[in-house]
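Q: First the structure, which I've put down as structure tokens, then a few questions once you've had a look.
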Amino acid sequence: MRFVWAVLAFVLATVLIGAGIAQRTIFLGPSEKKVELTVDQPEPYILIDGEVLRANPGLQTLMMRGKGDIFAAYGRTADMKAWLSDASYNSVTLDKQGEPKTQVVAPKEKAEGEGRNPSGSDLWLDSFTDKDSLITPLKLPAGMSVLVARDGVQDAPSDLVVSWPIDSRTPLAGPLIVAGGVMLLIGLILYVLGIRHQRRGRGPRRKGPGPMPATEPIDLAVDTLPEREAIAPAPDAADAPASAPADAEEQPKGEQGRTERSARSLRRRLAVAVPALGLTAVLATGCTADSWPQLGEASPTPSPTATVVAPENQKPPAVTVEQANRILKSVAETVAKADEAKDADLAATRLDGEVLAARKVDYALRAKLADRSAPNPIPTDKVEVLLPEATDNWPRTVLMLTSKTGDDKTPPVIFTMTQADPWSNYRITSLAEMQASAELPKLAPEWMGTSRVPPESNFLMMQPKDLGAAFASLVDEADKSQFDGVFDEAAHKLATAVRDSRAAQVKKLAEKNAATTSKADFDMQATDADPISMTTLNSGAIVAVSVVDLETITPRTPDAVIRFGDVPEAKALTGVSESSKGVKTTYGLQLFFSVPAQGATEQIRLLGYHQDTLSIEVLK
């Protein structure tokens, strides 16, 4: 019976191992599905709608082939269509049957000149370039699309293939092979036990005594004993065989034979069992992770965070975290190159407004004053705050607070960047050093974004358009200003510092005995630039405004002359060393305030400021 069970175990082991191997070989299906995207009429751009890439589940892989440089980028579908609104392009979408179709989209108004190179645009969430072929793995959510092009002039590559992975896992292959190995081992054990039982059954059997012979009379006569032969002497021990084992007398001959037979039998069993187990082990270890059931890993417990509910019809944020970091590095690198080369045109690609005006003045001064230091670089080590505007229109604004790690002497920088239209890159419009004592209000998370506050909004303690003039009044009128109690202590300290700087200038004139022949007038004014206001979670706003501080020195008598001997900046910018009419210096201040909501009991808090020389003019 043991042989029958052994045969059944061998058959079952063969079936299980064969089934496991078959799942990884002849029954294994394709690993991916491919769809070719056809283009009948070549154009400089191809826009592949995200629905085409999401036609099948799983990670999407876009393969593009063609001689020359190939460019691909992905971003919001609405943004990409806005970027392509003045160009002709191929649009790849899905038809009613779910198959990709391609059609040419003509622009309403064609752009002037040749095509526009898409490389380097801040609009893309990410971009890729390669030569002759480009393979890009993607996983685009709804509302995203892919742009394929070269340089905006040459036709885009038309050899496009999209592929998706197919689930070819065989989680039962490994267990089947292992189960087959176990059954093979059981069969071997049963087979060995059967052979052992059979051999034991073939041993000598004792028979009972036969029939007794018939009883006969006993002869009581005594026979004469036969003569015995002489007993031969025992052989000498030296004549014994030398090859006999020392323990031959101790171990009976029958027991020694049984021991040898058992050893030979064990070796035969191991010779059969070990290769079989080794084959099973090789088959089991050759299985990949796809050949085993994947037990779900324990999900990490999320840490509690403040709940922020996005309002209905919330627009997408202007930039993502990765996009903002990429833009920040590009801005910092471009500005650093412009500062080193004193190239105002290069700086204009990433700076605007008073920030650019201050850079132009700095370049002019450093061109003539060798000992003048360059502006501090924009820190990019750590983005402490990212507050993008949530909108699908232009212009778009992003507020950031960045710092330099490992440097306590360099203060964090707060600034705003604005993208004027889909074809422009972000440019810094306001920039200031963050105050050490400043505390930011609660802001919306970067994934949700925020909204811009109109300059004339009445929902704040003060309309953003009036904030610059209010601070100018605080500086010029001190405690007599009607806004004396509106601003916090940090704003008062800055106003006092400006007044002290003015007093130092007047004192300098007196020390040169020029107080009777010249006079100094000061006036702070708000600029014409619109403030940039970003809402906070407490219904307030962070407002960036610009003011100018005018310093005018004029002679009191017709014979007096204003000399620039101890002011090298004035001589460098005006090209003269004196003036009979006077000189006017314009200082620009960029200020960031936290403005509470209407009806709040808090004060308007100063977050950061930065001062630059904007111009020095000779009066005529």
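FYI, nothing fancy with the structure tokens labels: chains A, B, ... in order, residues from 1 per chain, ligands from 1 as they appear.
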Excluding range 577-586 of chain A and residues on its chain fewer than 5 positions from it, collect all residues at most 8 Å away from it, counting only C-alpha atoms, and give them as a list in words.

A: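 Result of the neighbour search: Val548, Asp549, Leu550, Glu551, Thr552, Ile553, Thr554, Pro555, Pro558, Asp559, Ala560, Val561, Ile562, Arg563, Phe564, Gly565, Ala570, Lys571, Thr613, Leu614, Ser615, Ile616, Glu617, Val618, Leu619 and Lys620 of chain A.
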
Q: Include C-alpha atoms and write out the residues we just selected as a PDB file, in the first residue's frame.

A:
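File written: out-v8.pdb
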```pdb
ATOM      1  CA  VAL A 548      10.028 106.039  -2.854  1.00  0.00           C
ATOM      2  CA  ASP A 549      11.918 108.282  -0.463  1.00  0.00           C
ATOM      3  CA  LEU A 550      12.969 111.499  -2.179  1.00  0.00           C
ATOM      4  CA  GLU A 551      15.987 113.418  -0.904  1.00  0.00           C
ATOM      5  CA  THR A 552      16.514 116.805  -2.537  1.00  0.00           C
ATOM      6  CA  ILE A 553      19.484 119.065  -1.715  1.00  0.00           C
ATOM      7  CA  THR A 554      19.351 122.548  -3.224  1.00  0.00           C
ATOM      8  CA  PRO A 555      21.439 125.708  -2.711  1.00  0.00           C
ATOM      9  CA  PRO A 558      22.526 131.785  -6.289  1.00  0.00           C
ATOM     10  CA  ASP A 559      26.244 131.587  -5.676  1.00  0.00           C
ATOM     11  CA  ALA A 560      26.151 128.282  -3.786  1.00  0.00           C
ATOM     12  CA  VAL A 561      27.198 125.048  -5.492  1.00  0.00           C
ATOM     13  CA  ILE A 562      26.389 121.472  -4.430  1.00  0.00           C
ATOM     14  CA  ARG A 563      29.514 119.340  -4.739  1.00  0.00           C
ATOM     15  CA  PHE A 564      29.536 115.516  -4.822  1.00  0.00           C
ATOM     16  CA  GLY A 565      33.026 115.014  -3.474  1.00  0.00           C
ATOM     17  CA  ALA A 570      26.245 110.754  -7.368  1.00  0.00           C
ATOM     18  CA  LYS A 571      29.295 111.449  -9.503  1.00  0.00           C
ATOM     19  CA  THR A 613      19.035 103.560  -4.836  1.00  0.00           C
ATOM     20  CA  LEU A 614      16.840 104.080  -7.876  1.00  0.00           C
ATOM     21  CA  SER A 615      18.274 107.288  -9.317  1.00  0.00           C
ATOM     22  CA  ILE A 616      20.455 110.350  -8.691  1.00  0.00           C
ATOM     23  CA  GLU A 617      19.590 113.371 -10.849  1.00  0.00           C
ATOM     24  CA  VAL A 618      21.074 116.815 -11.273  1.00  0.00           C
ATOM     25  CA  LEU A 619      18.362 119.457 -11.104  1.00  0.00           C
ATOM     26  CA  LYS A 620      18.141 121.862 -13.990  1.00  0.00           C
TER      27      LYS A 620
END
```

Q: Find the spatial neighbours of Asn458 in chain A, counting only C-alpha atoms, within a cut-off of 12 Å - ignore same-chain residues fewer than 2 positions away - and output them as JSON, numbers by chain.

A: {"A": [453, 454, 455, 456, 460, 461, 462, 463, 464, 465, 466, 539, 540, 541, 595, 596, 597, 598, 599]}

Q: Need the shell around Asp155 in chain A: protein/DNA/RNA residues with any atom at most 9 Å away, counting only C-alpha atoms. Skip same-chain ones fewer than 4 positions apart. Format as a VMD selection string?

A: chain A and resid 42 to 45 149 to 151

Q: Set the distance at 12 Å and use only C-alpha atoms: which residues neighbour Met434 in chain A once local chain neighbours fewer than 5 positions away are removed? I'd like the list as number ranges by chain.

A: A: 384-385, 400-403, 410-415, 439-440, 490, 590-593, 606-610

Q: Closest to Ile189 in chain A among A:Ala6, A:Leu160, A:Leu62, A:Leu37, using only C-alpha atoms?

A: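 Ranked by minimum distance to Ile189 in chain A, first place goes to A:Ala6.
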
Q: What's around Ile604 in chain A at 6 Å? Count only C-alpha atoms, leave out sequence neighbours fewer than 5 positions away in its own chain, and write the answer as a list of chain:residue names.

A: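 The filter keeps A:Phe487, A:Asp488, A:Ser594, A:Val595.
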